[in-house]
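Next comes input_39.txt, a file with compact mmCIF, C-alpha atoms.
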# COMPACT_ATOMS: atom_id res chain seq x y z
CA MET A 1 -37.62 17.73 27.18
CA GLY A 2 -34.06 18.84 27.98
CA ILE A 3 -32.00 17.41 30.79
CA SER A 4 -31.99 19.71 33.78
CA PRO A 5 -28.89 19.97 36.00
CA LYS A 6 -30.96 18.31 38.65
CA GLY A 7 -31.69 15.47 36.25
CA ILE A 8 -27.98 15.00 35.49
CA ALA A 9 -27.30 14.80 39.20
CA ASP A 10 -29.80 11.97 39.40
CA PRO A 11 -27.94 8.70 40.16
CA ARG A 12 -29.67 6.99 37.24
CA TRP A 13 -28.24 9.59 34.84
CA ARG A 14 -24.80 9.13 36.38
CA VAL A 15 -25.02 5.41 35.66
CA LEU A 16 -26.13 6.15 32.11
CA TRP A 17 -23.31 8.63 31.53
CA GLY A 18 -20.84 6.17 33.04
CA ALA A 19 -22.05 3.38 30.79
CA GLY A 20 -21.85 5.71 27.81
CA GLY A 21 -18.29 6.66 28.74
CA ILE A 22 -17.26 3.03 29.04
CA ALA A 23 -18.89 2.19 25.69
CA LEU A 24 -17.08 5.12 24.03
CA GLY A 25 -13.81 4.05 25.64
CA ILE A 26 -14.22 0.51 24.31
CA ALA A 27 -15.09 1.82 20.87
CA LEU A 28 -12.10 4.16 20.78
CA GLY A 29 -9.90 1.51 22.33
CA GLY A 30 -10.88 -0.73 19.45
CA CYS A 31 -9.13 1.71 17.13
CA ALA A 32 -5.80 0.71 18.59
CA PHE A 33 -6.01 -2.72 16.94
CA ASP A 34 -6.00 -0.91 13.65
CA VAL A 35 -2.30 -0.13 14.00
CA VAL A 36 -0.36 -3.32 13.39
CA SER A 37 3.39 -3.24 12.96
CA VAL A 38 5.70 -5.42 10.95
CA PRO A 39 8.24 -6.82 13.44
CA GLN A 40 11.58 -5.82 11.95
CA SER A 41 15.13 -5.42 13.17
CA PRO A 42 18.09 -3.54 11.71
CA VAL A 43 20.49 -5.67 9.69
CA VAL A 44 23.73 -5.16 7.81
CA PHE A 45 23.29 -5.81 4.09
CA HIS A 46 26.22 -6.65 1.79
CA ALA A 47 25.34 -6.07 -1.85
CA SER A 48 26.59 -8.59 -4.38
CA THR A 49 25.74 -9.64 -7.90
CA GLY A 50 26.74 -12.30 -10.37
CA ALA A 51 25.67 -15.35 -8.41
CA LYS A 52 23.26 -17.81 -9.97
CA GLY A 53 19.61 -17.40 -9.30
CA PHE A 54 16.70 -19.79 -9.25
CA VAL A 55 13.15 -20.23 -10.41
CA LEU A 56 10.43 -20.77 -7.84
CA MET A 57 8.53 -23.87 -8.87
CA GLN A 58 5.45 -23.55 -6.67
CA ASP A 59 3.31 -20.78 -5.26
CA LEU A 60 4.20 -19.96 -1.69
CA THR A 61 2.04 -18.04 0.76
CA VAL A 62 4.00 -16.53 3.61
CA HIS A 63 2.60 -15.20 6.88
CA ILE A 64 4.58 -12.96 9.20
CA GLY A 65 1.97 -12.72 11.94
CA THR A 66 0.45 -9.38 10.94
CA GLY A 67 -2.76 -10.82 9.49
CA PHE A 68 -1.58 -10.11 5.95
CA ALA A 69 -0.01 -12.71 3.69
CA THR A 70 2.73 -12.34 1.09
CA ARG A 71 2.30 -14.55 -1.95
CA LEU A 72 5.32 -15.62 -3.99
CA ARG A 73 4.25 -16.84 -7.40
CA ALA A 74 5.39 -19.98 -9.17
CA ASN A 75 7.63 -19.58 -12.22
CA THR A 76 9.15 -16.34 -10.99
CA SER A 77 12.90 -15.90 -11.48
CA TRP A 78 14.99 -14.68 -8.58
CA HIS A 79 18.51 -13.27 -8.63
CA LYS A 80 20.85 -12.69 -5.76
CA VAL A 81 21.30 -9.05 -4.81
CA GLY A 82 23.21 -9.43 -1.56
CA ALA A 83 23.52 -11.14 1.76
CA THR A 84 22.77 -10.66 5.44
CA VAL A 85 23.81 -12.65 8.45
CA PHE A 86 20.51 -14.51 8.14
CA GLY A 87 20.97 -15.64 4.55
CA ASP A 88 21.27 -14.55 0.94
CA VAL A 89 18.92 -11.88 -0.38
CA TYR A 90 17.10 -12.45 -3.65
CA ALA A 91 14.94 -10.13 -5.72
CA THR A 92 12.68 -10.64 -8.72
CA GLN A 93 11.35 -8.50 -11.52
CA ASP A 94 8.48 -10.89 -12.19
CA GLN A 95 6.24 -9.75 -9.37
CA ILE A 96 5.93 -7.12 -6.68
CA VAL A 97 6.87 -8.38 -3.23
CA THR A 98 5.62 -6.53 -0.18
CA VAL A 99 5.10 -7.27 3.49
CA GLU A 100 2.11 -5.60 5.00
CA ALA A 101 0.61 -4.53 8.28
CA SER A 102 -0.85 -1.07 8.79
CA ASN A 103 1.90 0.09 6.47
CA ILE A 104 3.24 -1.63 3.38
CA TYR A 105 6.92 -2.28 2.70
CA GLU A 106 8.52 -3.43 -0.52
CA ALA A 107 10.59 -6.50 0.28
CA GLN A 108 13.15 -9.00 -0.98
CA ILE A 109 13.35 -12.57 0.20
CA VAL A 110 16.07 -13.98 2.45
CA VAL A 111 17.03 -17.58 1.68
CA SER A 112 19.24 -19.88 3.70
CA ASP A 113 21.43 -22.42 1.84
CA LEU A 114 19.25 -22.12 -1.24
CA ARG A 115 16.76 -24.28 0.58
CA ASN A 116 14.63 -22.36 3.04
CA LEU A 117 12.92 -19.02 3.07
CA VAL A 118 13.84 -17.55 6.45
CA GLY A 119 12.59 -13.97 6.19
CA PHE A 120 12.37 -10.73 4.24
CA TYR A 121 14.81 -7.89 3.74
CA LEU A 122 13.26 -4.43 3.52
CA PRO A 123 15.61 -2.43 1.27
CA VAL A 124 14.22 1.00 2.14
CA GLU A 125 14.27 0.48 5.90
CA HIS A 126 17.44 -1.70 5.86
CA THR A 127 15.73 -4.09 8.23
CA TYR A 128 15.07 -7.81 8.47
CA VAL A 129 11.69 -9.46 9.06
CA SER A 130 12.02 -13.00 10.35
CA LEU A 131 9.56 -15.83 9.78
CA ASN A 132 8.51 -17.85 12.80
CA GLU A 133 9.76 -20.98 11.04
CA PRO A 134 11.80 -21.44 7.86
CA LEU A 135 9.72 -22.42 4.85
CA PRO A 136 11.13 -24.98 2.41
CA LEU A 137 11.39 -23.62 -1.13
CA ALA A 138 10.60 -25.66 -4.24
CA ILE A 139 13.14 -24.25 -6.66
CA ASN A 140 14.99 -24.98 -9.85
CA PRO A 141 18.52 -23.75 -9.06
CA ASN A 142 19.73 -24.02 -12.64
CA PRO A 143 17.04 -22.51 -14.81
CA SER A 144 17.57 -22.93 -18.51
CA PRO A 145 17.87 -19.65 -20.39
CA PRO A 146 14.62 -18.46 -22.00
CA MET B 1 -45.10 10.97 -5.88
CA LYS B 2 -43.07 9.12 -3.34
CA THR B 3 -41.11 7.39 -6.14
CA ASN B 4 -40.24 10.76 -7.70
CA SER B 5 -39.00 12.13 -4.39
CA LEU B 6 -36.85 9.07 -3.86
CA LEU B 7 -35.43 9.43 -7.35
CA TYR B 8 -34.54 13.08 -6.74
CA VAL B 9 -32.82 12.16 -3.48
CA LEU B 10 -30.85 9.41 -5.22
CA LEU B 11 -29.89 11.72 -8.07
CA ALA B 12 -28.76 14.33 -5.56
CA ILE B 13 -26.62 11.76 -3.74
CA VAL B 14 -25.06 10.54 -7.00
CA GLY B 15 -24.46 14.16 -8.03
CA VAL B 16 -22.70 14.99 -4.78
CA ALA B 17 -20.60 11.82 -5.03
CA LEU B 18 -19.55 12.49 -8.62
CA SER B 19 -18.82 16.16 -7.95
CA GLY B 20 -15.88 15.00 -5.86
CA CYS B 21 -14.32 13.17 -8.80
CA ALA B 22 -11.43 14.41 -10.91
CA THR B 23 -12.42 16.12 -14.16
CA GLY B 24 -9.12 16.71 -16.00
CA PRO B 25 -7.94 15.04 -19.22
CA LYS B 26 -7.83 11.24 -19.26
CA PHE B 27 -4.51 9.44 -19.02
CA GLY B 28 -4.81 8.10 -22.59
CA ASP B 29 -5.32 11.62 -23.92
CA ILE B 30 -2.26 13.20 -22.32
CA ASN B 31 0.11 10.27 -21.87
CA SER B 32 2.02 11.10 -25.05
CA THR B 33 2.33 14.75 -24.04
CA LEU B 34 3.81 14.10 -20.59
CA PRO B 35 7.49 15.06 -20.27
CA GLN B 36 9.98 12.31 -21.08
CA LEU B 37 11.53 10.66 -18.07
CA LYS B 38 15.14 11.77 -17.57
CA SER B 39 17.72 8.99 -17.55
CA ASP B 40 18.79 9.76 -13.99
CA SER B 41 15.24 9.71 -12.58
CA GLY B 42 12.40 7.31 -11.98
CA ARG B 43 8.68 8.03 -12.25
CA ILE B 44 5.91 7.17 -9.82
CA TYR B 45 2.30 7.41 -10.94
CA ILE B 46 -0.03 7.91 -8.01
CA TYR B 47 -3.75 7.49 -8.55
CA ARG B 48 -7.06 6.70 -6.95
CA THR B 49 -9.75 4.67 -8.69
CA ALA B 50 -12.22 4.42 -5.79
CA ILE B 51 -15.18 6.79 -5.65
CA LEU B 52 -16.20 5.43 -2.27
CA GLY B 53 -15.57 8.11 0.34
CA ALA B 54 -15.32 10.80 -2.35
CA ALA B 55 -15.37 13.58 0.23
CA ILE B 56 -12.14 12.25 1.72
CA GLN B 57 -9.30 13.70 -0.35
CA PRO B 58 -6.23 13.96 1.86
CA ASP B 59 -2.82 15.16 0.75
CA VAL B 60 -0.37 12.60 -0.53
CA LYS B 61 3.22 12.96 0.62
CA LEU B 62 6.43 11.68 -0.89
CA ASP B 63 9.21 11.53 1.68
CA GLY B 64 7.29 13.97 3.86
CA GLN B 65 6.58 16.56 1.15
CA VAL B 66 3.08 17.08 -0.22
CA VAL B 67 3.06 16.06 -3.89
CA GLY B 68 -0.66 15.76 -4.64
CA SER B 69 -4.04 14.74 -3.33
CA ALA B 70 -6.11 11.58 -3.26
CA LYS B 71 -8.87 12.74 -5.57
CA PRO B 72 -11.23 10.02 -6.79
CA LYS B 73 -10.57 8.96 -10.39
CA GLY B 74 -7.57 11.25 -10.48
CA PHE B 75 -3.85 10.71 -11.06
CA PHE B 76 -0.61 12.60 -10.96
CA TYR B 77 3.03 11.62 -11.24
CA VAL B 78 6.30 12.44 -9.57
CA ASP B 79 9.76 12.14 -11.08
CA CYS B 80 12.41 11.59 -8.46
CA ALA B 81 15.88 10.31 -7.78
CA PRO B 82 16.55 6.59 -7.67
CA GLY B 83 16.60 5.02 -4.21
CA GLY B 84 14.17 4.33 -1.41
CA HIS B 85 11.06 6.46 -1.03
CA GLN B 86 8.03 6.63 1.22
CA ILE B 87 4.54 7.60 0.12
CA SER B 88 2.00 8.41 2.79
CA SER B 89 -1.49 9.72 3.25
CA SER B 90 -3.23 10.73 6.46
CA THR B 91 -6.81 10.92 7.63
CA GLU B 92 -7.33 9.80 11.22
CA VAL B 93 -4.24 7.60 10.81
CA THR B 94 -1.23 7.76 8.52
CA ARG B 95 -0.68 4.93 6.05
CA THR B 96 2.74 4.58 4.48
CA LEU B 97 4.16 2.63 1.57
CA SER B 98 7.90 2.23 1.16
CA LEU B 99 9.28 1.37 -2.24
CA THR B 100 12.47 1.39 -4.22
CA LEU B 101 12.91 3.21 -7.50
CA ASP B 102 15.59 2.63 -10.13
CA ALA B 103 16.73 5.11 -12.77
CA GLY B 104 14.38 4.89 -15.74
CA GLN B 105 11.89 2.80 -13.78
CA VAL B 106 8.17 3.59 -13.70
CA ARG B 107 6.12 2.50 -10.72
CA TYR B 108 2.40 2.62 -10.03
CA VAL B 109 0.87 3.40 -6.65
CA ARG B 110 -2.87 3.06 -6.13
CA LEU B 111 -4.55 4.92 -3.29
CA ASN B 112 -7.10 2.55 -1.76
CA ILE B 113 -9.85 3.36 0.70
CA SER B 114 -10.58 1.32 3.79
CA MET B 115 -13.03 1.74 6.64
CA GLY B 116 -12.02 3.91 9.57
CA PHE B 117 -13.53 4.81 12.92
CA LEU B 118 -14.68 8.33 12.08
CA VAL B 119 -13.45 8.70 8.50
CA GLY B 120 -12.10 6.28 5.91
CA HIS B 121 -8.40 5.53 5.63
CA VAL B 122 -6.42 6.10 2.45
CA TYR B 123 -3.59 3.63 2.02
CA PRO B 124 -1.08 3.57 -0.83
CA GLU B 125 -0.43 0.22 -2.48
CA LEU B 126 2.28 -0.69 -4.98
CA VAL B 127 0.69 -2.44 -7.96
CA GLU B 128 2.03 -4.38 -10.93
CA PRO B 129 2.74 -2.26 -14.04
CA ASP B 130 0.02 -3.94 -16.14
CA GLN B 131 -2.55 -3.32 -13.42
CA GLY B 132 -1.37 0.25 -12.99
CA LYS B 133 -1.69 1.02 -16.71
CA ASP B 134 -5.19 -0.46 -16.79
CA ASP B 135 -6.22 1.54 -13.74
CA LEU B 136 -4.78 4.79 -15.10
CA ALA B 137 -6.87 4.50 -18.26
CA GLY B 138 -9.94 5.41 -16.21
CA CYS B 139 -8.30 8.30 -14.35
CA SER B 140 -8.01 12.00 -15.09
CA TYR B 141 -4.88 14.10 -14.68
CA ILE B 142 -5.11 16.35 -11.64
CA GLY B 143 -1.50 17.53 -11.49
CA GLY B 144 0.84 17.42 -8.57
CA LYS B 145 1.50 20.05 -5.93

The structure in this file should be written as structure tokens.
Amino acid sequence: MGISPKGIADPRWRVLWGAGGIALGIALGGCAFDVVSVPQSPVVFHASTGAKGFVLMQDLTVHIGTGFATRLRANTSWHKVGATVFGDVYATQDQIVTVEASNIYEAQIVVSDLRNLVGFYLPVEHTYVSLNEPLPLAINPNPSPP
Amino acid sequence: MKTNSLLYVLLAIVGVALSGCATGPKFGDINSTLPQLKSDSGRIYIYRTAILGAAIQPDVKLDGQVVGSAKPKGFFYVDCAPGGHQISSSTEVTRTLSLTLDAGQVRYVRLNISMGFLVGHVYPELVEPDQGKDDLAGCSYIGGK
């Protein structure tokens, strides 16, 4: 029942082995899609505190093109922790914020003119992740104290 | 006869699956006996709830150093300095989570299982404190490395 060397030399076997090799290559090649990166670039961060924060009034689902979404929840309070050239950086203690691809990164949001979400700041990597387009934020800029 | 054989096979499979699970004391039983968190440190609980892929129990690294393993239904904790940290686990690929830690802060990292090409992938996920406490209730202490 085994395959003799003569059998392997048979052109039909060569075709079969070739097809098998191609199939294996495609299957292994498919593994490459599994590694998806978050597109990020280094950015200078200037820490600051004391500025007024805001409350997010509506849920916001943000996509950064990795196939994973980041959801910002309504009624979460955000306080300014610093600034980058792209906008002010806000953090919250009301929810966990991460951006995700093959790896997961804790993130803070970057807001321009207290109006638009323009990207994320990754505080461990010290990098900036830009959105394709700014997303308007529905906020209450002067939240009443609890 | 056939039914009995099938039952034995199923029992054997369940037995093998469960034998890979953590067997130490439950979180609720030892929580009060765990060392108090120092004021200049933060604590990260790392745990795995999933039994799926029980045979896959890779090391878990914190900033490149092995601190424990991804044992099903098991947990351990690490006290470390405030700042940025990376938690990773490798099977056929390495999955990494980066997170910040403040002094006195407690964070919860769940080790999830996803499908892989040859073996499953273990990826660390930062979860909300309430979720983390709920998850830990079903886990046993396996200690760190």

Selected residue, from B:Asp63, B:Glu128, B:Asp134, B:Asp79, that lies nearest to chain A when counting all atoms listed in the file: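 Smallest distance to chain A is found for B:Glu128.
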
Selected residue, from A:Ala83, A:Ala101, A:Val62, A:Ile96, that lies nearest to chain B when counting only C-alpha atoms: A:Ile96

Using all atoms listed in the file, select each residue of chain A with any atom at most 6 Å away from an atom of chain B, and give the selection as a short mmCIF file (atom, residue, chain, number, x, y, z; two decimals) with C-alpha atoms, keeping the file's coordinate frame.
data_model
loop_
_atom_site.label_atom_id
_atom_site.label_comp_id
_atom_site.auth_asym_id
_atom_site.auth_seq_id
_atom_site.Cartn_x
_atom_site.Cartn_y
_atom_site.Cartn_z
CA ASN A 103 1.90 0.09 6.47
CA ILE A 104 3.24 -1.63 3.38
CA TYR A 105 6.92 -2.28 2.70
CA GLU A 106 8.52 -3.43 -0.52
CA VAL A 124 14.22 1.00 2.14
#

Gap from CA of Leu72 (chain A) to CA of Asn116 (chain A) - Å, one decimal: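 According to the coordinates, CA of Leu72 (chain A) and CA of Asn116 (chain A) are separated by 13.5 Å.
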
Could you pull the residues within 9 Å of Tyr77 (chain B), counting all atoms listed in the file, minus those fewer than 4 positions along the same chain, as a PDB file with C-alpha atoms, keeping the file's coordinate frame?
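And here's part-v9.pdb as it stands now:
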ATOM      1  CA  ARG B  43       8.680   8.030 -12.250  1.00  0.00           C
ATOM      2  CA  ILE B  44       5.910   7.170  -9.820  1.00  0.00           C
ATOM      3  CA  TYR B  45       2.300   7.410 -10.940  1.00  0.00           C
ATOM      4  CA  ILE B  46      -0.030   7.910  -8.010  1.00  0.00           C
ATOM      5  CA  TYR B  47      -3.750   7.490  -8.550  1.00  0.00           C
ATOM      6  CA  VAL B  67       3.060  16.060  -3.890  1.00  0.00           C
ATOM      7  CA  GLY B  68      -0.660  15.760  -4.640  1.00  0.00           C
ATOM      8  CA  TYR B 141      -4.880  14.100 -14.680  1.00  0.00           C
ATOM      9  CA  GLY B 143      -1.500  17.530 -11.490  1.00  0.00           C
ATOM     10  CA  GLY B 144       0.840  17.420  -8.570  1.00  0.00           C
TER      11      GLY B 144
END

Nearest-residue call for Pro123 (chain A), choices A:Asn140, A:Gln93, A:Thr49, A:Thr84, using all atoms listed in the file: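 For Pro123 (chain A), the nearest of the candidates is A:Thr84.
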
Residue with smallest distance to Pro134 (chain A) - pool A:Gly82, A:Tyr121, A:Asp59, A:Val110, counting all atoms listed in the file: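 Result for the nearest residue to Pro134 (chain A): A:Val110.
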
Long-range neighbours of Gln36 (chain B) as a list in words, 12 Å cut-off, all atoms listed in the file, 4 positions minimum in chain: Asn31, Ser32, Asp40, Ser41, Gly42, Arg43, Asp79, Gly104 and Val106 of chain B

Separation of CA of Gln95 (chain A) from CA of Ala138 (chain A), in Å and rounded to one decimal: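 Rounded to one decimal, the two atoms are 17.3 Å apart.
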
Coordinates-based distance that separates CA of Arg110 (chain B) from CA of Pro58 (chain B) (Å, one decimal):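 CA of Arg110 (chain B) lies 13.9 Å from CA of Pro58 (chain B).
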
Expected residue set, 10 Å radius at (13.2, -15.3, -11.2), all atoms listed in the file, as a list in words: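 Protein and nucleic acid residues near the point are Gly53, Phe54, Val55, Leu56, Arg73, Ala74, Asn75, Thr76, Ser77, Trp78, His79, Lys80, Tyr90, Ala91, Thr92, Gln93, Asp94, Gln95, Asn140 and Pro143 of chain A.
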
Using all atoms listed in the file: which of A:Gly20, A:Gly67, A:Gly119, A:Pro11 has the shortest distance to Gln40 (chain A):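 With all atoms listed in the file as the atom set, the closest residue is A:Gly119.
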
Selected residue, from A:Leu16, A:Val99, A:Leu135, A:Val129, that lies nearest to Phe68 (chain A) when counting all atoms listed in the file: A:Val99

Pop region 89-124 of chain A out of the structure in the block and write N, CA and C atoms as a CSV table (one decimal), in the first residue's frame.
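And here's out_17.csv as it stands now:
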chain,number,residue,atom,x,y,z
A,89,VAL,N,-5.8,65.7,25.4
A,89,VAL,CA,-5.9,64.3,25.8
A,89,VAL,C,-6.8,64.2,27.1
A,90,TYR,N,-7.8,63.3,27.0
A,90,TYR,CA,-8.7,63.2,28.1
A,90,TYR,C,-8.8,61.7,28.5
A,91,ALA,N,-8.9,61.5,29.8
A,91,ALA,CA,-9.0,60.1,30.4
A,91,ALA,C,-10.3,60.0,31.2
A,92,THR,N,-10.7,58.8,31.5
A,92,THR,CA,-11.9,58.6,32.3
A,92,THR,C,-11.6,57.5,33.3
A,93,GLN,N,-12.3,57.5,34.4
A,93,GLN,CA,-12.2,56.4,35.4
A,93,GLN,C,-13.5,55.6,35.4
A,94,ASP,N,-14.4,56.0,34.4
A,94,ASP,CA,-15.7,55.3,34.4
A,94,ASP,C,-15.8,54.1,33.5
A,95,GLN,N,-14.8,53.9,32.7
A,95,GLN,CA,-14.7,52.8,31.8
A,95,GLN,C,-13.3,52.5,31.4
A,96,ILE,N,-13.1,51.3,30.9
A,96,ILE,CA,-11.7,51.0,30.4
A,96,ILE,C,-11.8,51.3,28.9
A,97,VAL,N,-10.7,52.0,28.4
A,97,VAL,CA,-10.7,52.4,27.0
A,97,VAL,C,-9.4,51.7,26.4
A,98,THR,N,-9.7,50.9,25.4
A,98,THR,CA,-8.6,50.2,24.7
A,98,THR,C,-8.8,50.3,23.2
A,99,VAL,N,-7.7,50.3,22.5
A,99,VAL,CA,-7.7,50.1,21.0
A,99,VAL,C,-7.1,48.7,20.8
A,100,GLU,N,-7.6,48.0,19.8
A,100,GLU,CA,-7.3,46.6,19.7
A,100,GLU,C,-7.0,46.3,18.2
A,101,ALA,N,-6.0,45.4,18.1
A,101,ALA,CA,-5.8,44.7,16.8
A,101,ALA,C,-5.3,43.3,17.3
A,102,SER,N,-4.2,42.8,16.8
A,102,SER,CA,-3.7,41.6,17.4
A,102,SER,C,-3.3,41.7,18.8
A,103,ASN,N,-2.8,42.9,19.1
A,103,ASN,CA,-2.5,43.3,20.5
A,103,ASN,C,-3.5,44.3,21.0
A,104,ILE,N,-3.6,44.5,22.3
A,104,ILE,CA,-4.5,45.4,22.9
A,104,ILE,C,-3.8,46.5,23.7
A,105,TYR,N,-4.2,47.8,23.5
A,105,TYR,CA,-3.5,48.9,24.1
A,105,TYR,C,-4.5,49.7,24.9
A,106,GLU,N,-4.1,50.0,26.1
A,106,GLU,CA,-5.0,51.0,26.9
A,106,GLU,C,-4.8,52.3,26.2
A,107,ALA,N,-5.9,53.1,26.2
A,107,ALA,CA,-5.8,54.3,25.4
A,107,ALA,C,-6.6,55.5,26.2
A,108,GLN,N,-6.2,56.7,25.8
A,108,GLN,CA,-7.0,57.9,26.2
A,108,GLN,C,-7.4,58.6,24.9
A,109,ILE,N,-8.5,59.4,25.0
A,109,ILE,CA,-9.0,60.0,23.8
A,109,ILE,C,-8.3,61.4,23.5
A,110,VAL,N,-8.2,61.7,22.2
A,110,VAL,CA,-7.7,63.0,21.8
A,110,VAL,C,-8.8,63.8,21.2
A,111,VAL,N,-9.0,64.9,21.7
A,111,VAL,CA,-10.2,65.8,21.3
A,111,VAL,C,-9.7,67.1,20.8
A,112,SER,N,-10.2,67.5,19.7
A,112,SER,CA,-9.9,68.8,19.1
A,112,SER,C,-11.0,69.8,19.4
A,113,ASP,N,-10.6,71.0,20.0
A,113,ASP,CA,-11.5,72.1,20.3
A,113,ASP,C,-12.7,71.7,21.1
A,114,LEU,N,-12.6,70.7,21.9
A,114,LEU,CA,-13.7,70.2,22.7
A,114,LEU,C,-14.9,69.9,21.8
A,115,ARG,N,-14.7,69.5,20.6
A,115,ARG,CA,-15.8,69.2,19.6
A,115,ARG,C,-15.7,67.9,19.0
A,116,ASN,N,-14.5,67.6,18.5
A,116,ASN,CA,-14.3,66.3,17.7
A,116,ASN,C,-13.3,65.4,18.3
A,117,LEU,N,-13.7,64.1,18.3
A,117,LEU,CA,-12.7,63.1,18.6
A,117,LEU,C,-11.8,62.9,17.4
A,118,VAL,N,-10.5,63.1,17.5
A,118,VAL,CA,-9.6,62.9,16.4
A,118,VAL,C,-8.7,61.7,16.4
A,119,GLY,N,-8.6,61.1,17.6
A,119,GLY,CA,-7.7,59.9,17.7
A,119,GLY,C,-7.6,59.5,19.1
A,120,PHE,N,-6.6,58.6,19.3
A,120,PHE,CA,-6.3,58.0,20.7
A,120,PHE,C,-4.8,58.3,21.0
A,121,TYR,N,-4.6,58.5,22.3
A,121,TYR,CA,-3.2,58.5,22.8
A,121,TYR,C,-2.9,57.3,23.5
A,122,LEU,N,-1.8,56.6,23.2
A,122,LEU,CA,-1.5,55.4,24.0
A,122,LEU,C,-0.4,55.7,25.0
A,123,PRO,N,-0.8,55.8,26.3
A,123,PRO,CA,0.1,56.3,27.3
A,123,PRO,C,1.3,55.4,27.6
A,124,VAL,N,1.2,54.1,27.3
A,124,VAL,CA,2.4,53.2,27.5
A,124,VAL,C,3.4,53.3,26.4
